[in-house]
Amino acid sequence: MHDIEILRPDLPRGHFRFVLFDFDGTLSLIREGWPQVMIPMMVDLLRETGTSEDDVTLRAQVEEFVMRLNGKQTIYQMMQLGEEVKKRGGQALDPLAYKHRYHDLLMARIEGRIGALAAGQATPEDWTVPGSHALLKNLRSRGLTLYLASGTDLPFVRREAELLGLTEYFGPHIYGALDDYQNFSKKMVIERLLEDNNLRGEELLGFGDGFVEIEEVRRAGGVAVAVASDEANRRGIHAWKRARLIRAGADIVIGDYRQQEPLVDYLLTDFPLAAKPSSPG
């Protein structure tokens, strides 16, 4: 049985030339658990304003904007945090100060993973969404050009992609957040990709686990595959992610790439998915 949910049966197939991937949660699992770092940090900072709201209320409000902005550069979540502090009568810090605090907390969580990969004590397969390497190899072997665009800072994306053995699939087409945040967005990457390659929207395929990349690929006229990855268990569909990504406009929902062969066959030909045999999972 296929773990592939087709939401737009009439989606354009067979003409893709370029594929855009998100990074964290879509390919990389190195930063698995990042919301459990960002959200409590923000709740603590909002509590310090003296607000009368309880932690349950604060957490719900923080979780809403953090996940709504997921896929954009991290600085946008920190800018929203500053606005929330001000609304509660607090003195907001520069968004970069919040971003650095968050990054220090996150690195404390993930530095062991990065160290194990660098030392060869962990394999790239240990910290990627299952089937990632096979999918990228399959797409590249069929002549598609692959792009990577992440809301994480570019130096970290490059290093983590290298540790995970992903760089070779993307070559120079790895993009990430910049200190000058107004000069990078996934929308800008998509627009440049279309313009530079004289690409029609239906020739663009996108994979992502965040609201932003799904929305932008669809807005450009492309086909968006939502990767509702259960990052902790590494199998199955994460129901909360699935619901959000469907609202963003996803055409297809998958949990990982264990069924990448029938998926790629379906996307790159006009054969129905049901006619394709399942790959061993």
# chains A, B, ... in the order shown; residues from 1 in each chain; ligands from 1
>>> residues_around(residues="segment 44-61 of chain A", least_positions_apart="6", cutoff="10 Å", atoms="only C-alpha atoms", output="VMD selection string")
chain A and resid 81 to 82 84 to 92 98
>>> select_by_dssp(residues="segment 16-263 of chain A", states="strand (DSSP E or B)", output="PyMOL selection string")
chain A and resi 18-21+24+28+70+72+128+145-153+174-177+204-208+223-227+229+237+252-254
>>> residues_around(residues="Lys187 of chain A", least_positions_apart="2", cutoff="8 Å", atoms="only C-alpha atoms", output="ChimeraX atom specification")
/A:185,189-191,213,216
>>> closest_atom_pairs(of="segment 51-96 of chain A", to="segment 11-22 of chain A", cutoff="12 Å", atoms="only C-alpha atoms", output="Markdown table")
| residue | atom | partner | partner_atom | distance |
| --- | --- | --- | --- | --- |
| A:Asn70 | CA | A:Asp22 | CA | 10.9 |
| A:Gly71 | CA | A:Asp22 | CA | 7.8 |
| A:Lys72 | CA | A:Asp22 | CA | 10.5 |
| A:Gln73 | CA | A:Asp22 | CA | 11.8 |
>>> residues_around(residues="Phe23 of chain A", least_positions_apart="5", cutoff="9 Å", atoms="only C-alpha atoms", output="JSON, numbers by chain")
{"A": [28, 29, 148, 149, 150, 151, 152, 157, 161, 208, 209]}
>>> atom_distance(atom1="atom CA of Met42 of chain A", atom2="atom CA of Met78 of chain A")
8.8 Å
>>> closest_residue(among="A:Thr74, A:Thr145, A:Gln182, A:Asn197", to="Trp34 of chain A", atoms="only C-alpha atoms")
A:Thr74
>>> select_by_dssp(residues="segment 96-169 of chain A", states="alpha helix (DSSP H)", output="ChimeraX atom specification")
/A:96-118,132-141,154-163,167-169
>>> write_last_selection(atoms="C-alpha atoms", output="PDB file, in the first residue's frame")
ATOM      1  CA  LEU A  96      18.966  39.513  16.244  1.00  0.00           C
ATOM      2  CA  ALA A  97      19.513  39.319  20.008  1.00  0.00           C
ATOM      3  CA  TYR A  98      16.558  36.955  20.316  1.00  0.00           C
ATOM      4  CA  LYS A  99      17.830  34.961  17.346  1.00  0.00           C
ATOM      5  CA  HIS A 100      21.280  34.538  18.908  1.00  0.00           C
ATOM      6  CA  ARG A 101      19.754  33.446  22.222  1.00  0.00           C
ATOM      7  CA  TYR A 102      17.620  30.866  20.425  1.00  0.00           C
ATOM      8  CA  HIS A 103      20.551  29.625  18.371  1.00  0.00           C
ATOM      9  CA  ASP A 104      22.698  29.138  21.486  1.00  0.00           C
ATOM     10  CA  LEU A 105      19.917  27.079  23.084  1.00  0.00           C
ATOM     11  CA  LEU A 106      19.392  25.052  19.920  1.00  0.00           C
ATOM     12  CA  MET A 107      23.090  24.326  19.495  1.00  0.00           C
ATOM     13  CA  ALA A 108      23.193  22.948  23.038  1.00  0.00           C
ATOM     14  CA  ARG A 109      20.518  20.464  21.902  1.00  0.00           C
ATOM     15  CA  ILE A 110      22.073  19.447  18.589  1.00  0.00           C
ATOM     16  CA  GLU A 111      25.846  19.824  19.009  1.00  0.00           C
ATOM     17  CA  GLY A 112      26.152  16.130  19.906  1.00  0.00           C
ATOM     18  CA  ARG A 113      24.466  15.161  16.633  1.00  0.00           C
ATOM     19  CA  ILE A 114      26.750  17.390  14.590  1.00  0.00           C
ATOM     20  CA  GLY A 115      29.811  16.115  16.445  1.00  0.00           C
ATOM     21  CA  ALA A 116      28.840  12.485  15.878  1.00  0.00           C
ATOM     22  CA  LEU A 117      28.382  13.088  12.154  1.00  0.00           C
ATOM     23  CA  ALA A 118      31.691  14.939  11.874  1.00  0.00           C
ATOM     24  CA  SER A 132      16.253  11.190   1.186  1.00  0.00           C
ATOM     25  CA  HIS A 133      19.437  10.122  -0.586  1.00  0.00           C
ATOM     26  CA  ALA A 134      17.608   7.630  -2.803  1.00  0.00           C
ATOM     27  CA  LEU A 135      15.068  10.289  -3.813  1.00  0.00           C
ATOM     28  CA  LEU A 136      17.717  12.867  -4.684  1.00  0.00           C
ATOM     29  CA  LYS A 137      19.720  10.326  -6.661  1.00  0.00           C
ATOM     30  CA  ASN A 138      16.599   9.221  -8.525  1.00  0.00           C
ATOM     31  CA  LEU A 139      15.568  12.764  -9.444  1.00  0.00           C
ATOM     32  CA  ARG A 140      19.057  13.747 -10.552  1.00  0.00           C
ATOM     33  CA  SER A 141      19.445  10.583 -12.640  1.00  0.00           C
ATOM     34  CA  LEU A 154      23.342  29.803   5.069  1.00  0.00           C
ATOM     35  CA  PRO A 155      26.671  28.823   6.740  1.00  0.00           C
ATOM     36  CA  PHE A 156      24.870  26.271   8.930  1.00  0.00           C
ATOM     37  CA  VAL A 157      22.851  24.907   6.010  1.00  0.00           C
ATOM     38  CA  ARG A 158      26.022  24.407   3.979  1.00  0.00           C
ATOM     39  CA  ARG A 159      27.851  22.676   6.809  1.00  0.00           C
ATOM     40  CA  GLU A 160      24.961  20.424   7.774  1.00  0.00           C
ATOM     41  CA  ALA A 161      24.229  19.524   4.142  1.00  0.00           C
ATOM     42  CA  GLU A 162      27.878  18.534   3.747  1.00  0.00           C
ATOM     43  CA  LEU A 163      27.816  16.391   6.894  1.00  0.00           C
ATOM     44  CA  THR A 167      25.835  18.815  -1.157  1.00  0.00           C
ATOM     45  CA  GLU A 168      26.656  16.809  -4.278  1.00  0.00           C
ATOM     46  CA  TYR A 169      23.018  16.738  -5.324  1.00  0.00           C
TER      47      TYR A 169
END
>>> closest_residue(among="A:Ala243, A:Asn183, A:Arg200, A:Ile254", to="Ala226 of chain A", atoms="only C-alpha atoms")
A:Ile254
>>> closest_residue(among="A:Tyr266, A:Tyr257, A:Phe211, A:Phe170", to="Trp240 of chain A", atoms="only C-alpha atoms")
A:Phe211
>>> residues_around(residues="Gly222 of chain A", least_positions_apart="5", cutoff="6 Å", atoms="only C-alpha atoms", output="PyMOL selection string")
chain A and resi 201-202+204-205+217
>>> residues_around(residues="Asn233 of chain A", least_positions_apart="2", cutoff="12 Å", atoms="only C-alpha atoms", output="VMD selection string")
chain A and resid 29 32 to 33 127 129 to 130 229 to 231 235 to 238 255 to 256
